[in-house]
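Raw contents of upload-v4.txt, compact mmCIF, C-alpha atoms and all ligand atoms:
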# COMPACT_ATOMS: atom_id res chain seq x y z
CA MET A 1 -11.68 -2.35 -7.00
CA SER A 2 -8.63 -0.22 -7.68
CA ARG A 3 -6.74 1.35 -4.79
CA LEU A 4 -7.83 4.75 -3.44
CA ALA A 5 -5.33 7.61 -3.30
CA LEU A 6 -5.72 10.86 -1.35
CA VAL A 7 -3.63 13.79 -2.53
CA THR A 8 -3.57 16.84 -0.25
CA GLY A 9 -3.49 20.12 -2.15
CA GLY A 10 -4.39 17.90 -5.06
CA GLN A 11 -6.45 20.22 -7.24
CA ARG A 12 -3.80 22.81 -8.15
CA GLY A 13 -0.13 23.03 -9.16
CA ILE A 14 2.02 19.97 -8.52
CA GLY A 15 -0.80 18.28 -6.60
CA ALA A 16 -3.15 18.45 -9.58
CA ALA A 17 -0.56 16.74 -11.78
CA ILE A 18 -0.07 14.07 -9.09
CA SER A 19 -3.83 13.46 -8.85
CA GLU A 20 -4.10 13.18 -12.62
CA GLY A 21 -1.01 10.98 -12.85
CA LEU A 22 -2.40 8.56 -10.27
CA LEU A 23 -5.76 8.50 -12.06
CA ALA A 24 -4.01 7.70 -15.33
CA ALA A 25 -2.16 4.91 -13.50
CA GLY A 26 -5.50 3.29 -12.66
CA ARG A 27 -6.00 4.57 -9.12
CA ARG A 28 -9.19 6.06 -7.74
CA VAL A 29 -8.31 9.54 -6.49
CA VAL A 30 -9.66 12.11 -4.03
CA ALA A 31 -7.99 15.53 -3.88
CA SER A 32 -8.07 17.87 -0.90
CA TYR A 33 -7.68 21.64 -0.84
CA ALA A 34 -7.74 24.57 1.59
CA GLY A 35 -10.11 27.19 0.23
CA ASN A 36 -9.80 27.76 -3.51
CA ASP A 37 -13.33 26.60 -4.41
CA ALA A 38 -13.08 27.86 -7.99
CA ALA A 39 -9.94 25.81 -8.72
CA ALA A 40 -11.53 22.77 -7.07
CA ALA A 41 -14.74 23.04 -9.10
CA GLU A 42 -12.81 23.50 -12.35
CA PHE A 43 -10.53 20.56 -11.51
CA THR A 44 -13.42 18.21 -10.72
CA ALA A 45 -15.28 19.25 -13.87
CA ARG A 46 -12.19 18.61 -15.99
CA THR A 47 -10.99 15.35 -14.40
CA GLY A 48 -13.92 13.84 -12.52
CA ILE A 49 -11.73 13.71 -9.39
CA PRO A 50 -13.73 14.74 -6.29
CA CYS A 51 -12.29 17.48 -4.07
CA VAL A 52 -12.71 17.78 -0.30
CA LYS A 53 -12.06 21.03 1.60
CA PHE A 54 -10.26 20.93 4.95
CA ASP A 55 -7.23 22.49 6.60
CA VAL A 56 -4.32 20.01 6.74
CA SER A 57 -2.77 21.92 9.64
CA ASP A 58 -5.83 21.16 11.80
CA PHE A 59 -5.43 17.72 13.41
CA ASP A 60 -9.12 17.15 14.18
CA ALA A 61 -10.17 18.33 10.73
CA CYS A 62 -7.78 15.79 9.16
CA LEU A 63 -9.16 12.91 11.25
CA ALA A 64 -12.74 13.89 10.41
CA ALA A 65 -12.03 14.33 6.70
CA VAL A 66 -10.26 10.98 6.38
CA ALA A 67 -13.10 9.21 8.22
CA LYS A 68 -15.64 10.80 5.86
CA ILE A 69 -13.63 10.01 2.71
CA GLU A 70 -13.16 6.39 3.81
CA ALA A 71 -16.87 6.02 4.63
CA GLU A 72 -17.76 7.28 1.14
CA HIS A 73 -15.00 5.81 -1.01
CA GLY A 74 -13.38 3.00 1.00
CA PRO A 75 -9.95 2.69 2.60
CA ILE A 76 -7.13 5.02 1.62
CA ASP A 77 -4.17 2.91 0.48
CA ILE A 78 -2.12 5.76 -0.98
CA LEU A 79 -1.52 9.09 0.75
CA VAL A 80 0.38 11.93 -0.87
CA ASN A 81 1.16 14.78 1.53
CA ASN A 82 1.59 17.54 -1.00
CA ALA A 83 -0.21 20.59 0.46
CA GLY A 84 2.24 23.34 1.33
CA ILE A 85 2.73 27.07 1.62
CA THR A 86 5.56 29.58 1.76
CA ARG A 87 5.82 32.68 3.97
CA ASP A 88 9.25 33.93 2.93
CA ALA A 89 11.22 36.62 4.76
CA MET A 90 14.74 37.02 6.06
CA MET A 91 15.16 36.15 9.74
CA ARG A 92 15.03 39.83 10.76
CA LYS A 93 11.54 40.09 9.28
CA GLN A 94 10.25 36.59 10.00
CA THR A 95 7.45 36.60 12.53
CA ARG A 96 6.35 33.86 14.88
CA GLU A 97 3.09 33.68 12.89
CA MET A 98 4.96 33.05 9.62
CA TRP A 99 7.02 30.35 11.31
CA ASP A 100 3.97 28.62 12.82
CA ALA A 101 1.94 28.76 9.60
CA VAL A 102 4.66 27.13 7.53
CA ILE A 103 5.64 24.50 10.10
CA ASP A 104 2.01 23.57 10.81
CA THR A 105 0.91 23.45 7.16
CA ASN A 106 3.94 21.77 5.63
CA LEU A 107 5.21 19.50 8.41
CA GLY A 108 2.40 19.26 10.97
CA SER A 109 0.13 18.16 8.13
CA CYS A 110 2.29 15.09 7.50
CA PHE A 111 1.81 13.99 11.10
CA ASN A 112 -1.93 14.78 11.01
CA MET A 113 -2.62 12.93 7.77
CA CYS A 114 -0.36 9.94 8.45
CA LYS A 115 -1.91 9.54 11.89
CA ALA A 116 -5.36 9.50 10.26
CA VAL A 117 -4.56 6.68 7.81
CA TRP A 118 -1.93 4.75 9.76
CA GLU A 119 -4.04 2.25 11.75
CA GLY A 120 -6.02 1.29 8.64
CA MET A 121 -2.86 0.70 6.63
CA ILE A 122 -1.44 -1.47 9.42
CA GLU A 123 -4.64 -3.53 9.58
CA ARG A 124 -4.67 -4.06 5.81
CA LYS A 125 -0.88 -4.59 5.74
CA PHE A 126 -0.48 -2.25 2.81
CA GLY A 127 0.25 1.43 2.36
CA ARG A 128 2.05 3.89 0.13
CA ILE A 129 2.86 7.29 1.60
CA VAL A 130 4.75 10.00 -0.27
CA ASN A 131 5.63 13.29 1.39
CA ILE A 132 6.55 16.22 -0.81
CA GLY A 133 9.75 17.82 0.48
CA SER A 134 11.87 20.35 -1.36
CA ILE A 135 15.35 21.05 -2.61
CA ASN A 136 15.29 23.95 -0.15
CA GLY A 137 14.84 21.49 2.71
CA GLN A 138 17.97 19.70 1.50
CA ALA A 139 20.09 22.74 0.73
CA GLY A 140 18.57 25.66 2.64
CA GLN A 141 17.53 28.93 1.02
CA LEU A 142 17.75 32.61 1.85
CA GLY A 143 14.59 33.95 3.43
CA GLN A 144 13.22 30.49 4.14
CA VAL A 145 14.23 29.40 7.64
CA ASN A 146 10.63 28.35 8.22
CA TYR A 147 10.14 26.52 4.91
CA ALA A 148 13.60 24.88 4.92
CA ALA A 149 13.05 23.67 8.49
CA ALA A 150 9.63 22.24 7.64
CA LYS A 151 10.83 20.49 4.48
CA SER A 152 13.99 19.22 6.14
CA GLY A 153 11.75 17.90 8.91
CA ILE A 154 9.71 16.04 6.31
CA HIS A 155 12.80 14.19 5.18
CA GLY A 156 13.53 13.01 8.75
CA PHE A 157 9.87 12.20 9.40
CA THR A 158 9.82 10.07 6.26
CA LYS A 159 12.81 7.95 7.27
CA ALA A 160 11.56 7.39 10.82
CA LEU A 161 8.03 6.42 9.75
CA ALA A 162 9.43 4.16 7.03
CA LEU A 163 11.13 2.11 9.75
CA GLU A 164 7.81 1.70 11.56
CA GLY A 165 5.87 0.82 8.41
CA ALA A 166 8.29 -1.67 6.88
CA ARG A 167 6.98 -4.75 8.72
CA TYR A 168 3.44 -3.97 7.49
CA SER A 169 4.35 -3.42 3.81
CA ILE A 170 3.74 0.29 4.25
CA THR A 171 6.34 2.28 2.35
CA VAL A 172 7.05 5.91 3.23
CA ASN A 173 9.11 7.99 0.84
CA ALA A 174 9.72 11.62 0.01
CA VAL A 175 10.00 13.46 -3.27
CA ALA A 176 12.14 16.58 -3.20
CA PRO A 177 11.24 18.81 -6.14
CA GLY A 178 13.56 21.49 -7.41
CA TYR A 179 12.02 24.64 -8.86
CA VAL A 180 8.75 23.83 -10.59
CA ASP A 181 6.66 26.15 -12.72
CA THR A 182 3.62 26.65 -10.44
CA GLU A 183 1.96 29.64 -8.79
CA MET A 184 4.27 29.20 -5.79
CA VAL A 185 7.32 29.80 -7.98
CA ARG A 186 5.63 32.45 -10.13
CA ALA A 187 5.46 34.51 -6.92
CA VAL A 188 9.28 34.75 -6.99
CA PRO A 189 10.49 38.08 -8.52
CA ALA A 190 11.47 37.68 -12.21
CA ASP A 191 15.12 38.70 -11.73
CA VAL A 192 15.55 36.20 -8.87
CA LEU A 193 13.87 33.46 -10.94
CA GLU A 194 16.21 34.15 -13.85
CA LYS A 195 19.20 33.57 -11.56
CA ILE A 196 17.62 30.37 -10.23
CA VAL A 197 17.07 28.93 -13.72
CA ALA A 198 20.67 29.80 -14.62
CA ARG A 199 21.77 27.44 -11.83
CA ILE A 200 19.68 24.48 -13.04
CA PRO A 201 21.94 22.23 -15.16
CA ARG A 202 18.94 21.05 -17.19
CA GLY A 203 18.35 24.72 -18.14
CA ARG A 204 14.64 24.98 -17.30
CA LEU A 205 12.13 24.92 -14.48
CA GLY A 206 10.55 21.57 -13.75
CA THR A 207 6.98 20.84 -14.72
CA ALA A 208 4.35 19.54 -12.33
CA GLN A 209 4.28 16.37 -14.46
CA ASP A 210 8.01 15.84 -13.84
CA ILE A 211 7.20 15.57 -10.13
CA ALA A 212 4.01 13.54 -10.59
CA ARG A 213 5.92 10.87 -12.50
CA GLY A 214 8.10 10.24 -9.43
CA VAL A 215 5.08 9.97 -7.14
CA VAL A 216 3.34 7.49 -9.44
CA PHE A 217 6.53 5.41 -9.48
CA LEU A 218 6.87 5.38 -5.67
CA THR A 219 3.21 4.51 -5.08
CA ALA A 220 3.10 1.52 -7.44
CA ASP A 221 2.31 -1.81 -5.76
CA GLU A 222 5.60 -3.05 -7.25
CA ALA A 223 7.61 -0.34 -5.42
CA ASP A 224 7.51 -2.47 -2.27
CA PHE A 225 11.28 -2.46 -1.69
CA ILE A 226 11.67 1.34 -1.89
CA THR A 227 11.12 2.93 1.50
CA GLY A 228 12.66 5.72 3.54
CA SER A 229 14.18 7.26 0.45
CA THR A 230 14.07 10.71 -1.01
CA LEU A 231 13.74 11.04 -4.76
CA SER A 232 15.26 14.35 -5.89
CA ILE A 233 13.63 15.70 -9.05
CA ASN A 234 15.42 18.95 -9.74
CA GLY A 235 17.07 19.03 -13.18
CA GLY A 236 20.44 18.30 -11.60
CA GLN A 237 20.43 21.47 -9.49
CA HIS A 238 21.44 19.86 -6.26
CA MET A 239 22.50 16.28 -6.04
CA TYR A 240 22.10 14.04 -3.04
N1 LIG B 1 6.58 24.83 -6.89
C1 LIG B 1 7.80 24.47 -6.58
O1 LIG B 1 8.76 24.86 -7.23
C2 LIG B 1 8.06 23.55 -5.43
C3 LIG B 1 9.37 23.18 -5.18
C4 LIG B 1 9.63 22.30 -4.14
C5 LIG B 1 8.59 21.82 -3.37
N2 LIG B 1 7.32 22.23 -3.63
C6 LIG B 1 6.27 21.69 -2.78
O2 LIG B 1 5.31 21.04 -3.58
C7 LIG B 1 4.01 21.14 -2.98
C8 LIG B 1 3.03 21.75 -3.97
O3 LIG B 1 3.52 23.02 -4.35
P1 LIG B 1 2.80 23.90 -5.49
O4 LIG B 1 3.84 24.77 -6.04
O5 LIG B 1 2.01 23.02 -6.37
O6 LIG B 1 1.84 24.79 -4.58
P2 LIG B 1 0.52 25.63 -4.98
O7 LIG B 1 0.37 25.70 -6.46
O8 LIG B 1 0.62 26.88 -4.19
O9 LIG B 1 -0.66 24.71 -4.39
C9 LIG B 1 -0.70 24.48 -3.02
C10 LIG B 1 -1.80 23.48 -2.73
O10 LIG B 1 -1.82 23.22 -1.32
C11 LIG B 1 -3.13 23.49 -0.81
N3 LIG B 1 -3.01 23.98 0.57
C12 LIG B 1 -2.27 25.01 1.03
N4 LIG B 1 -2.47 25.17 2.36
C13 LIG B 1 -3.34 24.21 2.75
C14 LIG B 1 -3.97 23.86 3.97
N5 LIG B 1 -3.71 24.52 5.12
N6 LIG B 1 -4.86 22.83 3.98
C15 LIG B 1 -5.13 22.15 2.85
N7 LIG B 1 -4.57 22.42 1.65
C16 LIG B 1 -3.70 23.44 1.60
C17 LIG B 1 -3.70 24.54 -1.74
O11 LIG B 1 -5.13 24.57 -1.66
P3 LIG B 1 -5.93 25.88 -2.22
O12 LIG B 1 -5.83 25.81 -3.71
O13 LIG B 1 -7.32 25.70 -1.71
O14 LIG B 1 -5.23 27.08 -1.65
C18 LIG B 1 -3.20 24.02 -3.09
O15 LIG B 1 -3.99 22.95 -3.52
C19 LIG B 1 4.21 21.98 -1.71
O16 LIG B 1 4.39 21.14 -0.60
C20 LIG B 1 5.50 22.73 -2.01
O17 LIG B 1 6.15 23.13 -0.83
C21 LIG B 1 7.03 23.08 -4.63
Translate the structure of the given file into structure tokens.
Amino acid sequence: MSRLALVTGGQRGIGAAISEGLLAAGRRVVASYAGNDAAAAEFTARTGIPCVKFDVSDFDACLAAVAKIEAEHGPIDILVNNAGITRDAMMRKQTREMWDAVIDTNLGSCFNMCKAVWEGMIERKFGRIVNIGSINGQAGQLGQVNYAAAKSGIHGFTKALALEGARYSITVNAVAPGYVDTEMVRAVPADVLEKIVARIPRGRLGTAQDIARGVVFLTADEADFITGSTLSINGGQHMY
């Protein structure tokens, strides 16, 4: 049987493209989401990929969801921590709630989900984990102390966990997208977006498929020697 992949936030935006890319690569895929039932139903109808609703910032909910998915579909060999949110505001207007929401959803979720699959991957001596970071975690961004901290944290988390996983053939990598044409970026005011695109050497926003391609590459069985790395997919905007 082909390997099972779980993509958090996998029914919309970049996550949907990742789910579809993994399916096209011959994986079985389950997508998770937070609350957008309409998008989940439409996605499942279109792709046949089942969607499971739970909050990735809730540790117990993650453990329960993974146990249920594995009971129904078998062990999860590929985990893509893609779910994320923004709550942008300059420091003067940032609230503790905005900080907590972004840290818990974007970074806490990586701990929650990795913890849920980790023992199984160790036992089977195989795993592929990809965490979705961001160019703004590498470079910082105005109005995003919360988001930049969470995404920067993901890059450190990835390297540390990669060291632990290496002896078990579990690879842990990050993908750092630049600006991608999804609802998250469509929320940016048009004049600001215009200035952002002007700074992208490739001259356009990324597509969700541009990012998915990198995730499919990093989760291949053959990608065994790539671990602890961050793949920047950003049209040349910021080079690391
Ligand atoms: N778009 C960009 O330009 C860009 C750039 C760099 C990095 N990224 C990162 O790429 C990832 C995907 O971004 P996107 O633009 O595709 O976002 P999006 O279109 O807003 O989709 C976000 C996805 O995450 C899910 N989600 C949000 N909070 C959740 C929670 N608490 N529990 C479970 N699922 C949750 C959403 O589920 P519902 O549909 O149910 O709400 C949705 O499926 C994020 O980590 C983002 O930070 C995006």
Distance limit 7 Å, reference ligand LIG 1 (chain B), atoms considered: only C-alpha atoms and all ligand atoms. Which residues make the cut? Give them as an NGL selection string.
:A and (8-15 or 32-37 or 39 or 54-57 or 82-86 or 105-106 or 132-135 or 176-185)
Please dump the current selection as a tab-separated table (two decimals), in the coordinates of the input; keep C-alpha atoms.
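Writing done, so here's out03.tsv:
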chain	number	residue	atom	x	y	z
A	8	THR	CA	-3.57	16.84	-0.25
A	9	GLY	CA	-3.49	20.12	-2.15
A	10	GLY	CA	-4.39	17.90	-5.06
A	11	GLN	CA	-6.45	20.22	-7.24
A	12	ARG	CA	-3.80	22.81	-8.15
A	13	GLY	CA	-0.13	23.03	-9.16
A	14	ILE	CA	2.02	19.97	-8.52
A	15	GLY	CA	-0.80	18.28	-6.60
A	32	SER	CA	-8.07	17.87	-0.90
A	33	TYR	CA	-7.68	21.64	-0.84
A	34	ALA	CA	-7.74	24.57	1.59
A	35	GLY	CA	-10.11	27.19	0.23
A	36	ASN	CA	-9.80	27.76	-3.51
A	37	ASP	CA	-13.33	26.60	-4.41
A	39	ALA	CA	-9.94	25.81	-8.72
A	54	PHE	CA	-10.26	20.93	4.95
A	55	ASP	CA	-7.23	22.49	6.60
A	56	VAL	CA	-4.32	20.01	6.74
A	57	SER	CA	-2.77	21.92	9.64
A	82	ASN	CA	1.59	17.54	-1.00
A	83	ALA	CA	-0.21	20.59	0.46
A	84	GLY	CA	2.24	23.34	1.33
A	85	ILE	CA	2.73	27.07	1.62
A	86	THR	CA	5.56	29.58	1.76
A	105	THR	CA	0.91	23.45	7.16
A	106	ASN	CA	3.94	21.77	5.63
A	132	ILE	CA	6.55	16.22	-0.81
A	133	GLY	CA	9.75	17.82	0.48
A	134	SER	CA	11.87	20.35	-1.36
A	135	ILE	CA	15.35	21.05	-2.61
A	176	ALA	CA	12.14	16.58	-3.20
A	177	PRO	CA	11.24	18.81	-6.14
A	178	GLY	CA	13.56	21.49	-7.41
A	179	TYR	CA	12.02	24.64	-8.86
A	180	VAL	CA	8.75	23.83	-10.59
A	181	ASP	CA	6.66	26.15	-12.72
A	182	THR	CA	3.62	26.65	-10.44
A	183	GLU	CA	1.96	29.64	-8.79
A	184	MET	CA	4.27	29.20	-5.79
A	185	VAL	CA	7.32	29.80	-7.98
From the options A:Leu142, A:Ser2, A:Gly26, A:Lys125, which residue's atoms come nearest to A:His73, counting all atoms listed in the file?
A:Ser2
For a quick check of understanding, using all atoms listed in the file, which of A:Ala174, A:Ile200, A:Asn146, A:Leu205 has the smallest distance to A:Glu97?
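Looking at the shortest contact to A:Glu97, the residue is A:Asn146.
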Closest to A:Gln237 among A:Ala31, A:Ala139, A:Val145, A:Val7, using only C-alpha atoms?
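Checking each candidate against A:Gln237, we get A:Ala139 as the closest.
Residues with any atom within 9 Å of the point (6.4, 15.2, -10.5), counting only C-alpha atoms, are Ile14, Gly15, Ala17, Ile18, Gly21, Val175, Pro177, Val180, Gly206, Thr207, Ala208, Gln209, Asp210, Ile211, Ala212, Arg213, Gly214, Val215, Val216 and Ile233 of chain A.
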For A:Glu70, which of A:Phe217, A:Ala5, A:Pro201, A:Lys195 is the closest residue, counting all atoms listed in the file?
A:Ala5
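Considering all atoms listed in the file, the residue among A:Ser152, A:Ser229, A:Ser109, A:Asn136 positioned nearest to A:Asn173 is A:Ser229.
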Between atom CA of A:Glu164 and atom CA of A:Val66, measure the distance and give it in Å to one decimal.
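That distance, rounded to one decimal, is 21.0 Å.
If you look at atom CA of A:Leu22 and atom CA of A:Met1, they are 14.7 Å away from each other.
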Step by step, gather every atom of stretch 121-134 of chain A that the file lists, find the box along x, y and z that holds them, add 3 Å on each side, and finally give centre and edge lengths in Å to one decimal, as lines of an AutoDock Vina configuration file.
center_x = 3.6
center_y = 7.9
center_z = 4.1
size_x = 22.5
size_y = 30.9
size_z = 16.9
Scan for residues within 6 Å of the point (-7.2, 16.4, -11.3) in the coordinates of the file, using all atoms listed in the file, and reply as a PyMOL selection string.
chain A and resi 11+16+19-20+43+47+49
When you draw a straight line from atom CA of A:Cys51 to atom CA of A:Met98, how long is it in Å?
27.0 Å
Hey, which of A:Ser169, A:Ala148, A:Leu107, A:Glu119 ends up closest to A:Asp221? Count only C-alpha atoms.
A:Ser169
Surrounding residues of A:Ile129 excluding itself and chain neighbours under 2 positions, 9 Å, all atoms listed in the file, as a ChimeraX atom specification
/A:77-81,114,127,131,158,170-174,218-219
Spatial neighbours of A:Leu4, 6 Å, all atoms listed in the file, chain gap at least 6 places, as a compact mmCIF listing (two decimals) with C-alpha atoms, in the coordinates of the input:
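Everything below was put into part24.txt:
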# COMPACT_ATOMS: atom_id res chain seq x y z
CA ARG A 27 -6.00 4.57 -9.12
CA ARG A 28 -9.19 6.06 -7.74
CA VAL A 29 -8.31 9.54 -6.49
CA ILE A 76 -7.13 5.02 1.62
CA ASP A 77 -4.17 2.91 0.48
